[in-house]
file protein_14.cif (mmCIF, C-alpha atoms)
data_data
loop_
_atom_site.group_PDB
_atom_site.id
_atom_site.type_symbol
_atom_site.label_atom_id
_atom_site.label_comp_id
_atom_site.auth_asym_id
_atom_site.auth_seq_id
_atom_site.Cartn_x
_atom_site.Cartn_y
_atom_site.Cartn_z
ATOM 1 C CA ARG A 131 -90.220 -52.785 -107.111
ATOM 2 C CA LYS A 132 -91.263 -49.545 -105.441
ATOM 3 C CA SER A 133 -94.985 -50.335 -105.551
ATOM 4 C CA LYS A 134 -94.488 -53.558 -103.580
ATOM 5 C CA GLN A 135 -92.742 -51.868 -100.670
ATOM 6 C CA ALA A 136 -94.443 -50.537 -97.560
ATOM 7 C CA GLY A 137 -95.095 -46.903 -98.210
ATOM 8 C CA GLY A 138 -94.527 -47.469 -101.913
ATOM 9 C CA ASN A 139 -95.937 -44.070 -102.829
ATOM 10 C CA LYS A 140 -92.416 -42.670 -102.521
ATOM 11 C CA PRO A 141 -90.373 -43.198 -105.688
ATOM 12 C CA LEU A 142 -87.044 -43.080 -103.814
ATOM 13 C CA SER A 143 -85.929 -44.873 -100.687
ATOM 14 C CA HIS A 144 -84.497 -43.111 -97.643
ATOM 15 C CA TYR A 145 -80.973 -44.134 -98.650
ATOM 16 C CA GLU A 146 -81.436 -42.791 -102.165
ATOM 17 C CA MET A 147 -82.825 -39.481 -100.905
ATOM 18 C CA THR A 148 -80.169 -38.922 -98.212
ATOM 19 C CA GLN A 149 -76.997 -40.602 -99.432
ATOM 20 C CA LYS A 150 -77.058 -41.680 -103.075
ATOM 21 C CA PHE A 151 -78.475 -38.444 -104.528
ATOM 22 C CA ARG A 152 -77.112 -36.043 -101.917
ATOM 23 C CA SER A 153 -75.171 -34.092 -104.549
ATOM 24 C CA SER A 154 -78.293 -33.591 -106.686
ATOM 25 C CA GLU A 155 -80.876 -30.911 -105.998
ATOM 26 C CA TYR A 156 -83.563 -33.283 -104.820
ATOM 27 C CA GLY A 157 -85.512 -32.867 -101.611
ATOM 28 C CA THR A 158 -85.075 -30.592 -98.623
ATOM 29 C CA THR A 159 -81.537 -30.670 -97.254
ATOM 30 C CA THR A 160 -80.471 -29.981 -93.683
ATOM 31 C CA ALA A 161 -77.024 -28.896 -92.545
ATOM 32 C CA ARG A 162 -75.649 -28.546 -89.037
ATOM 33 C CA LEU A 163 -74.159 -25.120 -88.299
ATOM 34 C CA SER A 164 -70.762 -25.183 -86.676
ATOM 35 C CA GLN A 165 -69.442 -22.641 -84.212
ATOM 36 C CA ASP A 166 -67.782 -20.722 -87.053
ATOM 37 C CA SER A 167 -71.254 -20.070 -88.542
ATOM 38 C CA GLN A 168 -72.633 -18.575 -85.317
ATOM 39 C CA LEU A 169 -72.262 -14.983 -84.156
ATOM 40 C CA PRO A 170 -70.338 -14.788 -80.863
ATOM 41 C CA PHE A 171 -71.495 -12.437 -78.137
ATOM 42 C CA GLY A 172 -70.149 -8.921 -78.496
ATOM 43 C CA HIS A 173 -69.942 -9.039 -82.295
ATOM 44 C CA CYS A 174 -71.764 -6.616 -84.574
ATOM 45 C CA GLY A 175 -74.857 -8.007 -86.280
ATOM 46 C CA LEU A 176 -74.051 -6.076 -89.480
ATOM 47 C CA SER A 177 -70.270 -6.149 -89.875
ATOM 48 C CA LEU A 178 -70.014 -9.581 -88.144
ATOM 49 C CA GLY A 179 -66.835 -8.464 -86.403
ATOM 50 C CA PRO A 180 -66.138 -7.347 -82.849
ATOM 51 C CA ALA A 181 -68.394 -4.374 -82.120
ATOM 52 C CA GLU A 182 -66.539 -1.057 -81.965
ATOM 53 C CA ASP A 183 -68.279 1.637 -79.923
ATOM 54 C CA PRO A 184 -71.027 -0.948 -79.285
ATOM 55 C CA VAL A 185 -74.694 -0.031 -79.026
ATOM 56 C CA ALA A 186 -77.799 -2.147 -78.449
ATOM 57 C CA THR A 187 -81.261 -1.843 -79.968
ATOM 58 C CA PRO A 188 -84.462 -2.321 -77.919
ATOM 59 C CA SER A 189 -84.603 -5.919 -79.187
ATOM 60 C CA GLY A 190 -81.241 -6.664 -77.522
ATOM 61 C CA HIS A 191 -79.062 -7.009 -80.646
ATOM 62 C CA ILE A 192 -75.563 -5.524 -80.565
ATOM 63 C CA TYR A 193 -74.100 -3.398 -83.374
ATOM 64 C CA SER A 194 -71.163 -1.123 -84.008
ATOM 65 C CA ARG A 195 -72.351 2.479 -83.846
ATOM 66 C CA GLU A 196 -70.874 3.336 -87.231
ATOM 67 C CA ALA A 197 -72.527 0.350 -88.929
ATOM 68 C CA ILE A 198 -76.001 0.850 -87.467
ATOM 69 C CA VAL A 199 -75.982 4.630 -88.080
ATOM 70 C CA GLU A 200 -74.956 4.100 -91.709
ATOM 71 C CA TYR A 201 -77.735 1.502 -92.030
ATOM 72 C CA LEU A 202 -80.332 3.903 -90.614
ATOM 73 C CA LEU A 203 -79.234 6.706 -92.935
ATOM 74 C CA THR A 204 -79.403 4.442 -95.989
ATOM 75 C CA LYS A 205 -82.831 3.117 -95.068
ATOM 76 C CA THR A 206 -84.101 6.636 -94.347
ATOM 77 C CA MET A 207 -83.092 7.752 -97.844
ATOM 78 C CA ASP A 208 -84.809 4.706 -99.339
ATOM 79 C CA LEU A 209 -87.984 5.487 -97.386
ATOM 80 C CA LYS A 210 -87.962 9.073 -98.671
ATOM 81 C CA LYS A 211 -87.771 7.833 -102.258
ATOM 82 C CA ALA A 212 -90.559 5.331 -101.587
ATOM 83 C CA GLN A 213 -92.683 8.089 -100.052
ATOM 84 C CA GLN A 214 -92.191 10.278 -103.138
ATOM 85 C CA ASN A 215 -93.201 7.412 -105.436
ATOM 86 C CA TYR A 216 -96.261 6.731 -103.286
ATOM 87 C CA GLU A 217 -97.306 10.398 -103.395
ATOM 88 C CA ARG A 218 -96.933 10.426 -107.197
ATOM 89 C CA TYR A 219 -99.100 7.333 -107.381
ATOM 90 C CA LEU A 220 -101.795 9.008 -105.252
ATOM 91 C CA GLU A 221 -101.732 12.107 -107.482
ATOM 92 C CA LYS A 222 -102.085 9.926 -110.568
ATOM 93 C CA GLN A 223 -105.006 8.052 -109.025
ATOM 94 C CA GLU A 224 -106.699 11.322 -108.087
ATOM 95 C CA LYS A 225 -106.354 12.679 -111.639
ATOM 96 C CA GLN A 226 -107.700 9.419 -113.069
ATOM 97 C CA GLN A 227 -110.675 9.503 -110.705
ATOM 98 C CA LYS A 228 -111.520 13.083 -111.712
ATOM 99 C CA SER A 229 -111.195 12.180 -115.388
ATOM 100 C CA ASP A 230 -113.547 9.206 -114.936
ATOM 101 C CA GLU A 231 -116.110 11.341 -113.118
ATOM 102 C CA THR A 232 -115.995 13.974 -115.908
ATOM 103 C CA GLN A 233 -116.441 11.293 -118.558
ATOM 104 C CA GLN A 234 -119.408 9.775 -116.717
ATOM 105 C CA LYS A 235 -121.087 13.187 -116.494
ATOM 106 C CA GLN A 236 -120.604 13.789 -120.226
ATOM 107 C CA GLU A 237 -122.027 10.361 -121.049
ATOM 108 C CA ALA A 238 -125.030 11.038 -118.813
ATOM 109 C CA ILE A 239 -125.633 14.352 -120.620
ATOM 110 C CA VAL A 240 -125.477 12.647 -124.023
ATOM 111 C CA VAL A 241 -127.926 9.954 -122.909
ATOM 112 C CA PHE A 242 -130.311 12.580 -121.584
ATOM 113 C CA GLU A 243 -130.172 14.634 -124.803
ATOM 114 C CA ASP A 244 -130.838 11.549 -126.936
ATOM 115 C CA SER A 245 -133.838 10.632 -124.773
ATOM 116 C CA GLN A 246 -135.346 14.085 -125.281
ATOM 117 C CA LYS A 247 -135.119 13.995 -129.082
ATOM 118 C CA ALA A 248 -138.199 12.944 -131.060
ATOM 119 C CA THR A 249 -137.819 9.449 -132.462
ATOM 120 C CA THR A 250 -138.404 9.084 -136.186
ATOM 121 C CA VAL A 251 -140.618 6.315 -137.559
ATOM 122 C CA GLY A 252 -138.903 3.752 -139.710
ATOM 123 C CA LYS A 253 -135.381 4.747 -138.641
ATOM 124 C CA LYS A 254 -132.788 2.768 -140.524
ATOM 125 C CA ARG A 255 -130.389 0.585 -138.640
ATOM 126 C CA SER A 256 -127.024 2.206 -138.153
ATOM 127 C CA ARG A 257 -124.172 0.752 -140.168
ATOM 128 C CA GLU A 258 -121.473 2.280 -138.000
ATOM 129 C CA PRO A 259 -119.004 -0.232 -136.581
ATOM 130 C CA THR A 260 -119.390 -0.912 -132.876
ATOM 131 C CA ALA A 261 -116.895 -1.996 -130.263
ATOM 132 C CA ASN A 262 -117.924 -5.627 -130.749
ATOM 133 C CA ALA A 263 -118.186 -5.567 -134.548
ATOM 134 C CA LEU A 264 -116.277 -8.838 -134.888
ATOM 135 C CA LYS A 265 -118.475 -10.592 -132.337
ATOM 136 C CA SER A 266 -120.922 -11.650 -135.041
ATOM 137 C CA THR A 267 -118.277 -13.542 -137.019
ATOM 138 C CA SER A 268 -115.721 -14.327 -134.278
ATOM 139 C CA TYR A 269 -117.859 -15.639 -131.470
ATOM 140 C CA TRP A 270 -114.843 -16.714 -129.428
ATOM 141 C CA LEU A 271 -113.753 -13.113 -128.833
ATOM 142 C CA ALA A 272 -114.357 -11.802 -125.324
ATOM 143 C CA GLU A 273 -117.162 -9.305 -125.011
ATOM 144 C CA PHE A 274 -115.367 -7.313 -122.299
ATOM 145 C CA GLN A 275 -111.617 -6.860 -122.089
ATOM 146 C CA PRO A 276 -110.159 -6.722 -118.552
ATOM 147 C CA GLU A 277 -108.257 -3.641 -117.556
ATOM 148 C CA HIS A 278 -105.510 -3.654 -114.966
ATOM 149 C CA GLY A 279 -103.872 -0.440 -113.882
ATOM 150 C CA GLY A 280 -101.204 -2.092 -111.748
ATOM 151 C CA ASP A 281 -101.128 -3.078 -108.108
ATOM 152 C CA ALA A 282 -101.403 -0.273 -105.610
ATOM 153 C CA PRO A 283 -98.131 0.146 -103.683
ATOM 154 C CA ASP A 284 -98.247 -0.115 -99.933
ATOM 155 C CA PRO A 285 -97.612 3.118 -98.023
ATOM 156 C CA PRO A 286 -94.008 3.150 -96.777
ATOM 157 C CA PRO A 287 -93.394 3.054 -93.011
ATOM 158 C CA GLN A 288 -92.466 6.194 -91.134
ATOM 159 C CA ARG A 289 -89.314 4.736 -89.557
ATOM 160 C CA PRO A 290 -86.617 2.396 -90.908
ATOM 161 C CA PRO A 291 -86.921 -1.166 -89.590
ATOM 162 C CA SER A 292 -84.446 -2.794 -87.254
ATOM 163 C CA PRO A 293 -82.063 -5.160 -89.114
ATOM 164 C CA HIS A 294 -83.079 -8.223 -87.063
ATOM 165 C CA SER A 295 -86.434 -7.617 -85.362
ATOM 166 C CA GLY A 296 -87.982 -5.573 -88.188
ATOM 167 C CA LYS A 297 -89.584 -3.139 -85.737
ATOM 168 C CA PRO A 298 -89.337 0.642 -86.293
ATOM 169 C CA LEU A 299 -86.017 1.928 -84.985
ATOM 170 C CA ARG A 300 -84.874 5.451 -84.144
ATOM 171 C CA ARG A 301 -81.335 6.597 -83.545
ATOM 172 C CA LYS A 302 -82.097 7.880 -80.044
ATOM 173 C CA GLU A 303 -83.273 4.385 -79.030
ATOM 174 C CA LEU A 304 -79.737 3.016 -79.367
ATOM 175 C CA ARG A 305 -78.183 2.295 -75.958
ATOM 176 C CA HIS A 306 -74.452 2.586 -75.456
ATOM 177 C CA LEU A 307 -72.752 -0.502 -74.012
ATOM 178 C CA LYS A 308 -69.538 -0.879 -72.057
ATOM 179 C CA LEU A 309 -68.055 -4.190 -73.125
ATOM 180 C CA LYS A 310 -65.008 -5.331 -71.159
ATOM 181 C CA ARG A 311 -62.788 -7.726 -73.080
ATOM 182 C CA GLU A 312 -60.113 -10.117 -71.897
ATOM 183 C CA ASP A 313 -58.322 -12.333 -74.418
ATOM 184 C CA LYS A 314 -60.778 -11.188 -77.129
ATOM 185 C CA LYS A 315 -63.757 -12.365 -75.031
ATOM 186 C CA VAL A 316 -66.350 -10.203 -73.318
ATOM 187 C CA VAL A 317 -66.427 -10.573 -69.538
ATOM 188 C CA CYS A 318 -69.117 -9.786 -66.984
ATOM 189 C CA GLY A 319 -68.780 -6.385 -65.313
ATOM 190 C CA LEU A 320 -69.388 -7.904 -61.845
ATOM 191 C CA SER A 321 -68.087 -11.461 -61.764
ATOM 192 C CA GLN A 322 -65.416 -10.992 -64.470
ATOM 193 C CA LYS A 323 -66.512 -14.318 -65.978
ATOM 194 C CA SER A 324 -66.234 -14.728 -69.725
ATOM 195 C CA ILE A 325 -69.540 -14.497 -71.576
ATOM 196 C CA SER A 326 -70.255 -17.034 -74.292
ATOM 197 C CA THR A 327 -73.835 -18.380 -74.423
ATOM 198 C CA GLN A 328 -75.174 -17.297 -71.012
ATOM 199 C CA PRO A 329 -78.145 -14.911 -70.697
ATOM 200 C CA VAL A 330 -76.912 -11.312 -70.364
ATOM 201 C CA VAL A 331 -78.520 -7.997 -69.356
ATOM 202 C CA ALA A 332 -77.445 -4.385 -69.784
ATOM 203 C CA LEU A 333 -77.899 -1.796 -67.028
ATOM 204 C CA PRO A 334 -78.929 1.821 -67.776
ATOM 205 C CA THR A 335 -75.284 2.864 -67.255
ATOM 206 C CA GLY A 336 -74.231 0.580 -70.145
ATOM 207 C CA GLU A 337 -72.566 -2.037 -67.960
ATOM 208 C CA VAL A 338 -73.056 -5.611 -69.212
ATOM 209 C CA ILE A 339 -73.467 -8.329 -66.598
ATOM 210 C CA LEU A 340 -74.652 -11.915 -66.500
ATOM 211 C CA LYS A 341 -78.343 -12.391 -65.817
ATOM 212 C CA ASP A 342 -77.462 -14.786 -63.006
ATOM 213 C CA CYS A 343 -75.508 -12.004 -61.256
ATOM 214 C CA TYR A 344 -78.368 -9.576 -61.862
ATOM 215 C CA ASP A 345 -80.922 -11.942 -60.292
ATOM 216 C CA LYS A 346 -78.768 -12.619 -57.223
ATOM 217 C CA LEU A 347 -77.062 -9.288 -56.544
ATOM 218 C CA VAL A 348 -79.029 -6.483 -58.202
ATOM 219 C CA LYS A 349 -82.679 -7.500 -58.454
ATOM 220 C CA PRO A 350 -83.325 -7.969 -54.685
ATOM 221 C CA THR A 351 -82.386 -4.346 -53.892
ATOM 222 C CA MET A 352 -82.706 -2.725 -57.375
ATOM 223 C CA VAL A 353 -79.614 -0.627 -56.646
ATOM 224 C CA CYS A 354 -76.957 -0.178 -59.309
ATOM 225 C CA PRO A 355 -73.700 -1.802 -58.115
ATOM 226 C CA PHE A 356 -71.640 0.731 -60.087
ATOM 227 C CA THR A 357 -73.364 4.055 -59.287
ATOM 228 C CA SER A 358 -75.418 3.123 -56.164
ATOM 229 C CA LYS A 359 -78.518 4.645 -57.778
ATOM 230 C CA LYS A 360 -81.985 3.184 -57.767
ATOM 231 C CA LEU A 361 -82.943 1.134 -60.809
ATOM 232 C CA LYS A 362 -86.267 0.335 -62.453
ATOM 233 C CA GLU A 363 -86.951 -3.014 -63.992
ATOM 234 C CA LYS A 364 -88.208 -1.442 -67.224
ATOM 235 C CA HIS A 365 -84.735 0.096 -67.755
ATOM 236 C CA ILE A 366 -83.022 -3.315 -67.706
ATOM 237 C CA LEU A 367 -82.353 -4.516 -71.250
ATOM 238 C CA GLU A 368 -81.962 -8.235 -71.904
ATOM 239 C CA LEU A 369 -79.393 -8.744 -74.647
ATOM 240 C CA GLN A 370 -79.384 -11.480 -77.256
ATOM 241 C CA LYS A 371 -77.070 -14.185 -76.023
ATOM 242 C CA GLY A 372 -74.254 -15.616 -78.099
ATOM 243 C CA LYS A 373 -74.547 -18.922 -79.907
ATOM 244 C CA SER A 374 -72.311 -21.902 -80.447
ATOM 245 C CA GLY A 375 -72.452 -25.240 -82.241
ATOM 246 C CA PHE A 376 -74.266 -26.903 -79.322
ATOM 247 C CA ALA A 377 -78.014 -27.424 -79.625
ATOM 248 C CA SER A 378 -78.678 -25.848 -76.220
ATOM 249 C CA SER A 379 -77.452 -22.451 -77.476
ATOM 250 C CA GLY A 380 -80.300 -22.046 -79.978
ATOM 251 C CA GLN A 381 -80.870 -22.758 -83.656
ATOM 252 C CA VAL A 382 -78.011 -24.874 -84.964
ATOM 253 C CA GLU A 383 -79.565 -26.279 -88.145
ATOM 254 C CA ALA A 384 -80.191 -24.686 -91.527
ATOM 255 C CA LYS A 385 -82.737 -26.084 -93.979
ATOM 256 C CA LYS A 386 -83.115 -25.467 -97.689
ATOM 257 C CA TYR A 387 -86.456 -26.451 -99.139
ATOM 258 C CA ARG A 388 -86.473 -28.146 -102.517
ATOM 259 C CA PRO A 389 -89.468 -29.928 -104.084
ATOM 260 C CA THR A 390 -89.627 -33.698 -104.107
ATOM 261 C CA ILE A 391 -91.514 -36.266 -106.153
ATOM 262 C CA THR A 392 -93.986 -37.866 -103.733
#

call {"tool": "encode", "arguments": {"input": "protein_14.cif", "output": "structure tokens"}}
result
Amino acid sequence: RKSKQAGGNKPLSHYEMTQKFRSSEYGTTTARLSQDSQLPFGHCGLSLGPAEDPVATPSGHIYSREAIVEYLLTKTMDLKKAQQNYERYLEKQEKQQKSDETQQKQEAIVVFEDSQKATTVGKKRSREPTANALKSTSYWLAEFQPEHGGDAPDPPPQRPPSPHSGKPLRRKELRHLKLKREDKKVVCGLSQKSISTQPVVALPTGEVILKDCYDKLVKPTMVCPFTSKKLKEKHILELQKGKSGFASSGQVEAKKYRPTIT
């Protein structure tokens, strides 16, 4: 029946793949993420709760200071252990290289001494077993055995990576934020509008405002509306906006790949 259908190379129909065998682990499945699965703006990216003493990384992600500092300390300790293991591996490789060089020199000396000795006429063939003594009777044996000393570990990075962007992160790069909340929602420092999925920026003073307010009120003069000091565009940090269940807010689907019979 399947071979007579258009596109008969597929053993299952679309209905069978999507509806009939949905409970089985067959084929890639896609699920729509609801609002409960998204991280609202102002929540910590590690503890997933409202950020307490909030700070922002250079990538614009928001964390609680306690959570991100504990993460950096843990990763720093792991990097120190990895660095020690890497140094031990280098020492082992150096010793092995010196041992190989010494062995090669000794073999070269032996070869030279044998070449300088007078050869005797009618020398009998040596009966001593060689490395490939079984080769004459077991022809299927390999003449050379491969040697593998293990994969060389990669050198560990100097700094712990950021939890989301993966870029090197230092503690002094964390920027303190002043999040104003009303009814458990973060509001803009200028317009007092609640922030959900709108683009948001952070000023050098830590004030969080909507990007729309920044473009209309701050960017034309580049004067801080809170301190009346001059601002530079490189000091303006664009924060990661919050997400919801609507497609316009960002990625709202999750896929799990599973092999199919095609």

call {"tool": "residues_near_point", "arguments": {"input": "protein_14.cif", "point": "(-76.5, -7.0, -84.2)", "cutoff": "10 Å", "atoms": "all atoms listed in the file", "output": "NGL selection string"}}
result
:A and (169 or 171-178 or 181 or 184-187 or 189-194 or 197-198 or 292-294 or 370)

call {"tool": "resolve_selection", "arguments": {"input": "protein_14.cif", "expression": "the PyMOL selection byres ((chain A and resi 315-321) around 7)", "output": "JSON, numbers by chain"}}
result
{"A": [172, 309, 310, 311, 312, 313, 314, 322, 323, 324, 325, 337, 338, 339, 340]}

call {"tool": "atom_distance", "arguments": {"input": "protein_14.cif", "atom1": "atom CA of A:Asp284", "atom2": "atom CA of A:Asp208"}}
result
14.3 Å

call {"tool": "atom_distance", "arguments": {"input": "protein_14.cif", "atom1": "atom CA of A:Ser374", "atom2": "atom CA of A:Thr335"}}
result
28.2 Å

call {"tool": "closest_residue", "arguments": {"input": "protein_14.cif", "among": "A:Arg388, A:Ala282, A:Ser326, A:Lys373", "to": "A:Leu163", "atoms": "only C-alpha atoms"}}
result
A:Lys373

call {"tool": "atom_distance", "arguments": {"input": "protein_14.cif", "atom1": "atom CA of A:Val348", "atom2": "atom CA of A:Val331"}}
result
11.3 Å

call {"tool": "closest_residue", "arguments": {"input": "protein_14.cif", "among": "A:Asn215, A:Thr206, A:Thr158, A:Thr351", "to": "A:Pro287", "atoms": "all atoms listed in the file"}}
result
A:Thr206

call {"tool": "residues_around", "arguments": {"input": "protein_14.cif", "residues": "A:Arg289", "least_positions_apart": "2", "cutoff": "10 Å", "atoms": "all atoms listed in the file", "output": "VMD selection string"}}
result
chain A and resid 202 205 to 206 209 286 to 287 291 to 292 297 to 300

call {"tool": "residues_near_point", "arguments": {"input": "protein_14.cif", "point": "(-79.2, -5.8, -70.1)", "cutoff": "7 Å", "atoms": "all atoms listed in the file", "output": "ChimeraX atom specification"}}
result
/A:330-333,338,366-369

call {"tool": "closest_residue", "arguments": {"input": "protein_14.cif", "among": "A:His365, A:Lys211, A:Lys222, A:Lys341", "to": "A:Thr327", "atoms": "all atoms listed in the file"}}
result
A:Lys341
